[in-house]
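Source file: query36.cif (mmCIF, C-alpha atoms and all ligand atoms)
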```cif
data_start
loop_
_atom_site.label_atom_id
_atom_site.label_comp_id
_atom_site.auth_asym_id
_atom_site.auth_seq_id
_atom_site.Cartn_x
_atom_site.Cartn_y
_atom_site.Cartn_z
CA MET Z 11 0.00 0.00 0.00
CA ILE Z 12 1.09 3.58 -0.59
CA GLN Z 13 1.19 5.88 2.42
CA THR Z 14 -0.53 9.16 1.54
CA LYS Z 15 -0.77 12.50 3.31
CA GLY Z 16 -4.11 14.24 2.97
CA TYR Z 17 -6.25 16.93 4.54
CA ALA Z 18 -9.52 15.66 5.94
CA THR Z 19 -12.59 16.85 7.75
CA HIS Z 20 -14.16 14.31 10.08
CA ASP Z 21 -17.62 15.90 10.30
CA SER Z 22 -19.83 18.61 8.81
CA ASN Z 23 -17.99 21.39 10.68
CA ALA Z 24 -15.53 21.30 7.76
CA LYS Z 25 -12.46 21.76 9.94
CA PHE Z 26 -9.45 20.37 8.12
CA SER Z 27 -6.40 18.66 9.55
CA GLU Z 28 -3.58 16.54 8.22
CA TRP Z 29 -4.62 12.90 7.92
CA GLU Z 30 -2.63 9.87 6.76
CA PHE Z 31 -4.26 7.12 4.73
CA GLU Z 32 -3.30 4.41 2.23
CA ARG Z 33 -3.81 4.17 -1.49
CA ARG Z 34 -3.59 0.87 -3.37
CA ASP Z 35 -0.31 -0.28 -4.90
CA VAL Z 36 0.18 0.53 -8.56
CA GLY Z 37 -1.52 -2.22 -10.59
CA PRO Z 38 -0.75 -3.18 -14.21
CA ASN Z 39 -3.03 -0.49 -15.65
CA ASP Z 40 -2.48 2.13 -12.96
CA ILE Z 41 -0.44 5.29 -12.78
CA LEU Z 42 0.79 7.00 -9.61
CA ILE Z 43 0.48 10.78 -9.67
CA ASP Z 44 2.35 13.19 -7.41
CA ILE Z 45 -0.34 15.81 -6.98
CA GLU Z 46 0.87 19.37 -7.59
CA TYR Z 47 -2.38 21.32 -7.39
CA ALA Z 48 -5.94 20.64 -6.27
CA GLY Z 49 -8.70 23.16 -6.96
CA ILE Z 50 -11.42 23.96 -4.44
CA CYS Z 51 -14.78 23.42 -6.13
CA HIS Z 52 -17.95 24.60 -4.39
CA SER Z 53 -19.05 20.93 -4.52
CA ASP Z 54 -16.20 20.22 -2.07
CA ILE Z 55 -17.80 22.76 0.27
CA HIS Z 56 -21.36 21.41 -0.13
CA THR Z 57 -19.97 17.91 0.55
CA ALA Z 58 -17.70 18.86 3.47
CA LYS Z 59 -20.67 20.56 5.15
CA ASN Z 60 -23.03 17.70 4.26
CA GLU Z 61 -25.39 20.15 2.53
CA TRP Z 62 -26.79 17.57 0.13
CA GLU Z 63 -27.81 15.05 2.79
CA GLY Z 64 -31.44 16.13 2.38
CA VAL Z 65 -31.44 14.96 -1.25
CA GLY Z 66 -29.92 11.56 -0.51
CA MET Z 67 -26.31 12.58 -1.12
CA GLY Z 68 -24.97 12.37 2.42
CA THR Z 69 -21.22 12.68 2.94
CA MET Z 70 -18.89 9.81 3.90
CA TYR Z 71 -16.43 10.93 6.58
CA PRO Z 72 -13.51 11.18 7.00
CA LEU Z 73 -13.66 13.28 3.84
CA VAL Z 74 -10.63 14.26 1.79
CA PRO Z 75 -12.21 16.45 -0.92
CA GLY Z 76 -10.68 17.55 -4.20
CA HIS Z 77 -11.65 16.60 -7.75
CA GLU Z 78 -9.69 19.16 -9.72
CA ILE Z 79 -6.33 17.44 -9.64
CA VAL Z 80 -3.18 17.86 -11.67
CA GLY Z 81 0.28 16.45 -11.14
CA ARG Z 82 3.20 14.45 -12.53
CA VAL Z 83 3.24 10.73 -13.20
CA THR Z 84 5.91 9.09 -11.01
CA GLN Z 85 5.21 5.40 -11.63
CA VAL Z 86 3.36 3.39 -14.29
CA GLY Z 87 2.10 -0.22 -14.29
CA ASP Z 88 3.43 -2.75 -16.84
CA GLY Z 89 0.33 -2.51 -19.03
CA VAL Z 90 0.14 1.30 -19.19
CA THR Z 91 0.32 2.76 -22.69
CA LYS Z 92 -1.13 6.29 -22.42
CA PHE Z 93 1.36 7.72 -19.87
CA LYS Z 94 5.04 7.53 -19.07
CA VAL Z 95 6.93 8.72 -16.00
CA GLY Z 96 7.24 12.51 -16.05
CA ASP Z 97 4.00 13.15 -17.99
CA ILE Z 98 1.39 15.57 -16.64
CA ALA Z 99 -1.91 13.92 -15.70
CA GLY Z 100 -5.24 15.23 -14.51
CA ILE Z 101 -8.02 13.65 -12.47
CA GLY Z 102 -11.59 14.92 -12.38
CA CYS Z 103 -14.73 13.90 -10.53
CA PHE Z 104 -14.63 10.12 -10.97
CA VAL Z 105 -11.84 7.54 -10.91
CA ASP Z 106 -13.52 4.37 -12.18
CA SER Z 107 -16.83 2.97 -13.46
CA CYS Z 108 -18.18 -0.43 -14.59
CA ARG Z 109 -16.85 -0.03 -18.17
CA GLU Z 110 -19.64 -2.25 -19.55
CA CYS Z 111 -22.95 -0.42 -19.36
CA LYS Z 112 -24.24 1.74 -22.25
CA PRO Z 113 -23.18 5.10 -20.76
CA CYS Z 114 -19.69 3.73 -19.97
CA VAL Z 115 -19.25 2.25 -23.45
CA GLU Z 116 -20.44 5.53 -25.01
CA GLY Z 117 -17.97 7.56 -22.94
CA PHE Z 118 -20.43 9.01 -20.42
CA GLN Z 119 -18.83 7.33 -17.43
CA GLN Z 120 -20.28 9.92 -15.06
CA PHE Z 121 -23.66 8.24 -15.67
CA CYS Z 122 -22.45 4.64 -15.19
CA GLN Z 123 -25.53 2.56 -14.41
CA LYS Z 124 -23.67 0.90 -11.54
CA MET Z 125 -22.63 4.37 -10.36
CA ALA Z 126 -19.14 5.61 -11.08
CA ALA Z 127 -16.51 5.60 -8.34
CA TYR Z 128 -16.52 9.29 -7.46
CA THR Z 129 -13.15 10.80 -6.60
CA TYR Z 130 -14.13 11.36 -2.97
CA SER Z 131 -17.04 10.64 -0.61
CA GLY Z 132 -17.67 7.41 -2.50
CA THR Z 133 -16.29 3.93 -2.92
CA TYR Z 134 -14.29 2.17 -5.60
CA MET Z 135 -16.19 -0.34 -7.73
CA ASP Z 136 -15.73 -3.00 -5.03
CA ARG Z 137 -18.27 -0.80 -3.19
CA VAL Z 138 -16.23 -1.23 -0.02
CA THR Z 139 -13.01 0.76 -0.30
CA PRO Z 140 -13.59 4.47 0.25
CA THR Z 141 -12.24 7.01 -2.22
CA TYR Z 142 -10.25 10.01 -0.99
CA GLY Z 143 -9.75 13.09 -3.14
CA GLY Z 144 -7.05 15.46 -4.25
CA TYR Z 145 -6.35 17.44 -1.07
CA SER Z 146 -3.54 14.90 -0.75
CA ASP Z 147 -0.06 14.31 -2.10
CA LYS Z 148 -0.65 11.25 -4.32
CA TYR Z 149 -3.33 9.45 -6.31
CA VAL Z 150 -3.31 5.97 -7.87
CA ILE Z 151 -5.69 5.68 -10.80
CA ASP Z 152 -6.36 3.43 -13.79
CA GLU Z 153 -4.85 5.21 -16.80
CA GLY Z 154 -8.20 5.09 -18.61
CA TYR Z 155 -9.69 7.47 -16.05
CA ALA Z 156 -6.81 9.97 -16.04
CA LEU Z 157 -6.59 12.89 -18.45
CA LYS Z 158 -3.59 13.86 -20.52
CA VAL Z 159 -2.31 17.40 -20.13
CA SER Z 160 0.03 18.78 -22.75
CA ASP Z 161 3.53 19.74 -21.57
CA SER Z 162 3.14 23.01 -23.43
CA VAL Z 163 0.54 24.39 -20.97
CA GLY Z 164 3.24 25.78 -18.67
CA ASP Z 165 2.20 26.63 -15.13
CA LEU Z 166 -0.15 23.93 -13.88
CA ALA Z 167 -2.12 25.75 -11.17
CA GLY Z 168 -4.57 27.19 -13.71
CA VAL Z 169 -5.05 23.78 -15.32
CA ALA Z 170 -6.33 21.96 -12.21
CA PRO Z 171 -9.78 23.69 -12.22
CA LEU Z 172 -10.38 22.58 -15.80
CA MET Z 173 -10.96 19.04 -14.47
CA CYS Z 174 -14.32 20.08 -13.01
CA ALA Z 175 -15.13 23.77 -13.57
CA GLY Z 176 -13.79 23.55 -17.13
CA ILE Z 177 -15.65 20.45 -18.29
CA THR Z 178 -18.86 21.36 -16.43
CA THR Z 179 -19.18 24.54 -18.47
CA TYR Z 180 -17.62 23.29 -21.73
CA SER Z 181 -19.98 20.34 -22.08
CA PRO Z 182 -23.32 22.21 -22.06
CA LEU Z 183 -21.93 25.10 -24.10
CA ARG Z 184 -21.01 22.60 -26.82
CA ARG Z 185 -24.24 20.59 -26.48
CA PHE Z 186 -26.43 23.66 -26.93
CA GLY Z 187 -24.36 25.16 -29.72
CA ALA Z 188 -22.51 28.13 -28.21
CA GLY Z 189 -20.65 29.86 -31.04
CA PRO Z 190 -20.71 32.84 -33.39
CA GLY Z 191 -24.12 34.50 -33.57
CA LYS Z 192 -25.28 32.98 -30.27
CA LYS Z 193 -26.07 34.97 -27.15
CA VAL Z 194 -24.88 33.20 -24.00
CA GLY Z 195 -25.63 34.27 -20.44
CA ILE Z 196 -23.52 33.07 -17.51
CA VAL Z 197 -25.16 33.39 -14.10
CA GLY Z 198 -22.70 33.68 -11.18
CA LEU Z 199 -19.09 34.70 -11.68
CA GLY Z 200 -17.31 32.16 -9.50
CA GLY Z 201 -15.19 29.13 -10.34
CA LEU Z 202 -17.59 27.62 -12.88
CA GLY Z 203 -18.86 30.97 -14.09
CA HIS Z 204 -15.48 32.42 -14.99
CA MET Z 205 -14.62 29.27 -16.95
CA GLY Z 206 -17.99 29.53 -18.69
CA VAL Z 207 -17.17 33.09 -19.75
CA LYS Z 208 -13.72 32.18 -21.06
CA LEU Z 209 -14.97 29.09 -22.92
CA ALA Z 210 -18.09 30.69 -24.42
CA ALA Z 211 -15.97 33.65 -25.59
CA ALA Z 212 -13.36 31.27 -27.05
CA MET Z 213 -16.19 29.49 -28.92
CA GLY Z 214 -17.15 32.85 -30.47
CA ALA Z 215 -20.41 33.57 -28.62
CA GLU Z 216 -21.60 36.95 -27.34
CA VAL Z 217 -21.33 36.60 -23.57
CA THR Z 218 -23.27 38.35 -20.80
CA VAL Z 219 -22.47 37.87 -17.12
CA PHE Z 220 -25.29 37.99 -14.56
CA SER Z 221 -23.79 38.72 -11.17
CA THR Z 222 -24.76 39.80 -7.68
CA SER Z 223 -21.31 41.42 -7.29
CA PRO Z 224 -20.95 44.83 -9.00
CA SER Z 225 -17.23 44.76 -8.14
CA LYS Z 226 -16.65 41.95 -10.65
CA GLU Z 227 -17.53 44.01 -13.74
CA ALA Z 228 -13.97 44.83 -14.83
CA ASP Z 229 -12.90 41.22 -14.29
CA ALA Z 230 -15.82 39.95 -16.37
CA SER Z 231 -14.69 42.08 -19.28
CA ALA Z 232 -11.06 40.97 -18.88
CA LEU Z 233 -12.24 37.34 -18.93
CA GLY Z 234 -13.91 37.94 -22.29
CA ALA Z 235 -17.50 38.92 -21.41
CA HIS Z 236 -19.17 41.52 -23.64
CA HIS Z 237 -21.85 42.65 -21.15
CA PHE Z 238 -22.27 42.69 -17.38
CA VAL Z 239 -25.61 42.83 -15.60
CA VAL Z 240 -26.06 43.28 -11.86
CA THR Z 241 -28.96 41.03 -10.90
CA LYS Z 242 -29.86 42.61 -7.57
CA ASP Z 243 -32.07 45.17 -9.35
CA PRO Z 244 -34.82 43.35 -11.36
CA ALA Z 245 -35.15 46.47 -13.56
CA ASN Z 246 -31.78 45.57 -15.11
CA LEU Z 247 -33.20 42.29 -16.41
CA GLU Z 248 -36.48 43.47 -17.94
CA PRO Z 249 -35.03 44.95 -21.17
CA LEU Z 250 -33.29 41.61 -21.82
CA ALA Z 251 -36.51 39.55 -21.87
CA GLY Z 252 -36.59 37.02 -24.72
CA THR Z 253 -33.04 37.62 -25.97
CA PHE Z 254 -30.76 34.68 -25.00
CA ASP Z 255 -30.06 31.39 -26.77
CA ILE Z 256 -28.35 29.74 -23.80
CA ILE Z 257 -28.17 30.73 -20.14
CA LEU Z 258 -25.85 28.72 -17.91
CA ASP Z 259 -26.78 28.97 -14.24
CA THR Z 260 -23.75 28.22 -12.03
CA VAL Z 261 -25.10 29.65 -8.77
CA SER Z 262 -24.36 27.60 -5.65
CA ALA Z 263 -26.99 29.15 -3.32
CA ASP Z 264 -30.80 29.05 -3.38
CA HIS Z 265 -32.21 31.60 -5.85
CA ASP Z 266 -35.13 32.06 -8.25
CA ILE Z 267 -34.47 30.79 -11.79
CA ASN Z 268 -37.68 32.22 -13.30
CA PRO Z 269 -36.12 35.57 -14.28
CA TYR Z 270 -33.57 33.67 -16.40
CA ILE Z 271 -36.29 31.67 -18.16
CA ALA Z 272 -37.92 35.00 -19.01
CA MET Z 273 -34.69 36.17 -20.66
CA LEU Z 274 -34.53 33.15 -23.02
CA GLY Z 275 -35.49 33.73 -26.64
CA LEU Z 276 -37.52 31.31 -28.76
CA ARG Z 277 -36.35 27.73 -28.13
CA GLY Z 278 -33.74 29.02 -25.73
CA THR Z 279 -32.31 26.78 -23.02
CA LEU Z 280 -31.55 27.45 -19.39
CA VAL Z 281 -28.86 24.98 -18.36
CA VAL Z 282 -28.69 24.35 -14.65
CA VAL Z 283 -25.26 23.27 -13.43
CA GLY Z 284 -25.19 24.81 -9.94
CA VAL Z 285 -26.61 22.60 -7.20
CA PRO Z 286 -28.14 24.76 -4.44
CA PRO Z 287 -29.49 22.82 -1.48
CA SER Z 288 -33.23 23.51 -2.14
CA PRO Z 289 -35.49 22.75 -5.13
CA ASN Z 290 -36.73 25.43 -7.51
CA SER Z 291 -40.24 26.12 -8.73
CA VAL Z 292 -41.22 26.98 -12.29
CA HIS Z 293 -44.67 27.67 -13.77
CA SER Z 294 -45.44 25.99 -17.12
CA PHE Z 295 -46.40 29.29 -18.76
CA GLY Z 296 -42.81 30.48 -18.43
CA LEU Z 297 -41.69 27.57 -20.60
CA ILE Z 298 -44.52 27.04 -23.10
CA PHE Z 299 -44.50 30.60 -24.40
CA GLY Z 300 -41.39 30.36 -26.57
CA ASN Z 301 -40.87 26.56 -26.55
CA LYS Z 302 -38.17 27.03 -23.96
CA SER Z 303 -36.21 24.32 -22.17
CA ILE Z 304 -34.56 23.78 -18.84
CA ALA Z 305 -31.68 21.34 -18.99
CA GLY Z 306 -29.21 19.92 -16.53
CA SER Z 307 -25.60 18.98 -17.07
CA LEU Z 308 -23.18 16.96 -14.96
CA ILE Z 309 -19.42 17.32 -15.59
CA GLY Z 310 -18.44 15.24 -18.68
CA GLY Z 311 -17.16 11.80 -19.62
CA ILE Z 312 -13.51 11.01 -20.24
CA PRO Z 313 -13.56 11.60 -24.04
CA GLU Z 314 -15.25 15.01 -23.73
CA THR Z 315 -13.03 16.05 -20.81
CA GLN Z 316 -9.99 15.25 -22.95
CA GLU Z 317 -11.54 17.21 -25.84
CA MET Z 318 -12.04 20.18 -23.47
CA LEU Z 319 -8.40 20.03 -22.29
CA ASP Z 320 -7.21 19.98 -25.89
CA PHE Z 321 -9.52 22.92 -26.73
CA CYS Z 322 -8.13 24.87 -23.73
CA ALA Z 323 -4.52 24.14 -24.72
CA GLU Z 324 -5.26 25.30 -28.27
CA HIS Z 325 -7.02 28.50 -27.17
CA GLY Z 326 -4.77 29.29 -24.20
CA VAL Z 327 -7.66 28.93 -21.76
CA LYS Z 328 -6.85 28.40 -18.06
CA SER Z 329 -8.48 29.23 -14.77
CA GLU Z 330 -7.67 32.42 -12.83
CA VAL Z 331 -6.40 31.13 -9.53
CA GLU Z 332 -5.39 32.16 -6.04
CA ILE Z 333 -2.83 29.63 -4.83
CA ILE Z 334 -3.06 28.67 -1.17
CA LYS Z 335 -1.51 26.27 1.33
CA PRO Z 336 -3.60 23.62 3.12
CA ASP Z 337 -3.79 25.67 6.32
CA TYR Z 338 -5.90 28.19 4.39
CA ILE Z 339 -8.61 25.70 3.27
CA GLU Z 340 -11.17 26.80 5.87
CA THR Z 341 -10.65 30.49 5.07
CA ALA Z 342 -10.88 29.70 1.37
CA TYR Z 343 -14.20 27.93 2.00
CA ASP Z 344 -15.54 30.96 3.92
CA ARG Z 345 -14.42 33.35 1.20
CA THR Z 346 -15.90 31.17 -1.56
CA VAL Z 347 -19.26 31.02 0.21
CA LYS Z 348 -19.19 34.84 0.40
CA SER Z 349 -18.55 35.01 -3.38
CA ASP Z 350 -15.10 36.39 -2.58
CA VAL Z 351 -13.12 34.12 -4.86
CA ARG Z 352 -11.18 35.35 -7.91
CA TYR Z 353 -11.84 32.92 -9.35
CA ARG Z 354 -10.67 29.57 -8.01
CA PHE Z 355 -8.69 28.68 -4.91
CA VAL Z 356 -6.06 26.08 -5.74
CA ILE Z 357 -4.09 24.24 -3.07
CA ASP Z 358 -0.38 23.87 -3.65
CA MET Z 359 0.17 20.26 -2.57
CA GLN Z 360 3.92 20.20 -3.21
CA ASN Z 361 4.71 22.95 -0.73
CA ALA Z 362 2.13 21.89 1.83
P1 LIG Y 401 -18.45 29.43 -6.61
O1 LIG Y 401 -17.04 29.58 -7.09
O2 LIG Y 401 -18.75 29.65 -5.19
O3 LIG Y 401 -19.36 30.37 -7.54
C1 LIG Y 401 -20.74 30.52 -7.34
C2 LIG Y 401 -21.15 31.94 -7.70
O4 LIG Y 401 -22.56 32.04 -7.56
C3 LIG Y 401 -20.60 33.02 -6.78
O5 LIG Y 401 -19.29 33.44 -7.07
C4 LIG Y 401 -21.61 34.14 -6.99
O6 LIG Y 401 -21.31 34.86 -8.18
C5 LIG Y 401 -22.92 33.39 -7.23
N1 LIG Y 401 -23.73 33.37 -6.00
C6 LIG Y 401 -23.36 32.94 -4.77
N2 LIG Y 401 -24.36 33.08 -3.89
C7 LIG Y 401 -25.40 33.61 -4.59
C8 LIG Y 401 -26.74 33.96 -4.25
N3 LIG Y 401 -27.20 33.82 -2.99
N4 LIG Y 401 -27.55 34.45 -5.23
C9 LIG Y 401 -27.10 34.60 -6.48
N5 LIG Y 401 -25.83 34.30 -6.85
C10 LIG Y 401 -25.00 33.80 -5.92
O7 LIG Y 401 -18.96 27.95 -6.93
P2 LIG Y 401 -18.55 26.95 -8.13
O8 LIG Y 401 -17.41 26.12 -7.69
O9 LIG Y 401 -18.50 27.70 -9.40
O10 LIG Y 401 -19.82 25.96 -8.13
C11 LIG Y 401 -21.10 26.47 -8.42
C12 LIG Y 401 -22.18 25.41 -8.22
O11 LIG Y 401 -22.02 24.40 -9.23
C13 LIG Y 401 -22.10 24.67 -6.89
O12 LIG Y 401 -23.42 24.46 -6.44
C14 LIG Y 401 -21.43 23.36 -7.25
O13 LIG Y 401 -21.75 22.31 -6.36
C15 LIG Y 401 -22.01 23.11 -8.61
N6 LIG Y 401 -21.23 22.23 -9.48
C16 LIG Y 401 -21.93 21.47 -10.36
C17 LIG Y 401 -21.27 20.66 -11.26
C18 LIG Y 401 -22.01 19.85 -12.26
O14 LIG Y 401 -21.46 18.91 -12.83
N7 LIG Y 401 -23.25 20.18 -12.55
C19 LIG Y 401 -19.86 20.61 -11.25
C20 LIG Y 401 -19.18 21.43 -10.36
C21 LIG Y 401 -19.87 22.24 -9.47
P3 LIG Y 401 -21.57 36.47 -8.27
O15 LIG Y 401 -20.70 37.08 -7.21
O16 LIG Y 401 -21.13 36.78 -9.65
O17 LIG Y 401 -23.04 36.67 -8.05
ZN ZN Y 402 -16.47 20.24 -8.88
ZN ZN Y 403 -20.97 1.65 -16.32
#
```

Give the structure from the file, written as structure tokens.
Ligand code: NAP
Ligand code: ZN
Ligand code: ZN
Amino acid sequence: MIQTKGYATHDSNAKFSEWEFERRDVGPNDILIDIEYAGICHSDIHTAKNEWEGVGMGTMYPLVPGHEIVGRVTQVGDGVTKFKVGDIAGIGCFVDSCRECKPCVEGFQQFCQKMAAYTYSGTYMDRVTPTYGGYSDKYVIDEGYALKVSDSVGDLAGVAPLMCAGITTYSPLRRFGAGPGKKVGIVGLGGLGHMGVKLAAAMGAEVTVFSTSPSKEADASALGAHHFVVTKDPANLEPLAGTFDIILDTVSADHDINPYIAMLGLRGTLVVVGVPPSPNSVHSFGLIFGNKSIAGSLIGGIPETQEMLDFCAEHGVKSEVEIIKPDYIETAYDRTVKSDVRYRFVIDMQNA
């Protein structure tokens, strides 16, 4: 077994401390990654605080969060063909799946019918061994579930958040046709939101940010947004009724989605990716006038995540990060919850 140093919370108080645990030995198809950076996704915070217990997604403690992982390969199994020692590898939200069901075979492993092995707060496919995430110094993973990161990307801190925030916004933007001539709205300028802006702009769409934080306007423009709308005043939204093709809602806290449905044009789609604790309520009239849709989207499978990484390398897209040490995790959580993140906290695991 491989001795691993991680940072864990043991209950929903989300107080983190150093915690040693073991990862499996490197098998024939496995790679061992020395983790360099792990991003802090708001899902880590929801999970650490057990905020999804009410919807049947209770947390398994001790919890080592982290599913935006990037590092160097330090060992490969005999059967490994995709990686060699020294390569850069990424890990996202899942680390294994059944490999046989229709979603797995089609490359949508996140929807494995036997349930994928999520990177943390889950179990491996033996359904016994718990998974621990990237707030740790090493990960052992089957090469088929690791992502390749080009050596040309340079500094890796801004690459880690692509593994979740990047793919979670890329996938629905592609699915609903973001591109030239399309008006895209991004609701919430946090970790997911800022990636949504960069990616939609790189795809050629006209991008509007909907934010509760007036102080983020200059940043939105620097990230590639064409318009910035402060949502606190409903009067700002009224002139935009019926004008958007796609609106991506990345908000982490309870809020009303009906104003965004009203801003969709004919056949427009509101894509919900944020997962606030409580359900939303929508009246049918809001949808039937205009043949509008509400869609959901969950991260992406391995092939699409690789496609996203290649797109980002080609277009020079990375996350804007604030690099922290593990002793700052709790403060980073507090600041993220207060929308005071610009735009992703990333833990430096090498200088922990
Ligand atoms: P984040 O960095 O905290 O960003 C969320 C943003 O939402 C904030 O920066 C803020 O932007 C806005 N916001 C916060 N509270 C609000 C409120 N009360 N009303 C309106 N807007 C508010 O979080 P994240 O890491 O991007 O994650 C966002 C959500 O997506 C979380 O719920 C997370 O669990 C979920 N998620 C889903 C998937 C998926 O596959 N579907 C993947 C990853 C994460 P402004 O300051 O601009 O208003
Ligand atoms: Zn995430
Ligand atoms: Zn499967």

Query raised in the report: How would you write, as a PyMOL selection string, the set of residues no farther than 9 Å from ligand ZN 403 (chain Y) when counting all atoms listed in the file?
Result: chain Z and resi 106-115+118-126

Query raised in the report: How many Å lie between CA of Gly284 (chain Z) and CA of Ala272 (chain Z), rounded to one decimal?
Result: 18.7 Å

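Considering the residues Z:Ile256, Z:Ile177, Z:Ala99, Z:Ile334 and counting all atoms listed in the file, Met318 (chain Z) has its shortest atom-to-atom contact with Z:Ile177.
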
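What separates CA of Tyr128 (chain Z) from atom O16 of ligand LIG 401 (chain Y) is a distance of 28.0 Å.
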
**Report entry** Residues within 9 Å of (-22.1, 19.4, -19.8), file coords, all atoms listed in the file, listed as a ChimeraX atom specification
**Finding:** /Z:177-185,281,283,306-310

Query - Given 9 Å and only C-alpha atoms and all ligand atoms, residues near ligand ZN 402 (chain Y) as a PyMOL selection string - result: chain Z and resi 49-54+76-78+102-103+171+173-175+178+202+309

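In this comparison, which uses only C-alpha atoms, the residue of Z:Lys59, Z:Ile41, Z:Thr253, Z:Ala215 approaching Asp344 (chain Z) most closely is Z:Lys59.
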
Report task. Output the neighbourhood of ligand LIG 401 (chain Y) as a ChimeraX atom specification, that is, all protein and nucleic acid residues with some atom at most 7 Å from the ligand, counting all atoms listed in the file. Result -> /Z:51-53,56,174-175,178,197-203,220-223,226,260-265,283-286,307-309,346-351,353-354

Requested in this report: List the neighbours of Val65 (chain Z) out to 10 Å using only C-alpha atoms; skip same-chain residues closer than 6 positions along the sequence, and give me the result as number ranges by chain.
Outcome: Z: 287-289

Hey, can you spit out that residue selection with C-alpha atoms as a PDB file, in the frame of the given file?
```pdb
ATOM      1  CA  PRO Z 287     -29.490  22.820  -1.480  1.00  0.00           C
ATOM      2  CA  SER Z 288     -33.230  23.510  -2.140  1.00  0.00           C
ATOM      3  CA  PRO Z 289     -35.490  22.750  -5.130  1.00  0.00           C
TER       4      PRO Z 289
END
```

Query raised in the report: For Gly81 (chain Z), which residue among Z:Asp147, Z:Asp136, Z:Glu61, Z:Asp152 is the nearest when counting all atoms listed in the file?
Result: Z:Asp147

Report summary line: What separates CA of Tyr155 (chain Z) and CA of Phe104 (chain Z) is a distance of 7.6 Å

Query - Close residues, region 290-305 of chain Z itself excluded, 8 Å, all atoms listed in the file, min 6 positions apart in chain, as an NGL selection string - result: :Z and (265-268 or 271-272 or 274-282)

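Residue nearest Met359 (chain Z) within the list Z:Tyr47, Z:Phe238, Z:Tyr130, Z:Tyr17: Z:Tyr47 [criterion: smallest interatomic distance, all atoms listed in the file].
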
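Closest to Thr84 (chain Z) among Z:Tyr134, Z:Phe31, Z:Tyr142, Z:Tyr149 is Z:Tyr149, based on only C-alpha atoms.
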
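For the residues Z:Thr14, Z:Ser146, Z:Thr129, Z:Ser160, ranking by smallest atom-to-atom distance to Ile45 (chain Z) using all atoms listed in the file places Z:Ser146 first.
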
Let me have the centre and edge lengths in Å, one decimal, of the box along x, y and z around every listed atom of region 121-127 of chain Z with 4 Å of margin on each side, as AutoDock Vina command-line options.
```
--center_x -21.0 --center_y 4.6 --center_z -12.0 --size_x 17.0 --size_y 15.3 --size_z 15.3
```

Query - Distance query Ala211 (chain Z) at most 9 Å, only C-alpha atoms, self and fewer than 2 positions along chain excluded, as a count of residues only - result: 15
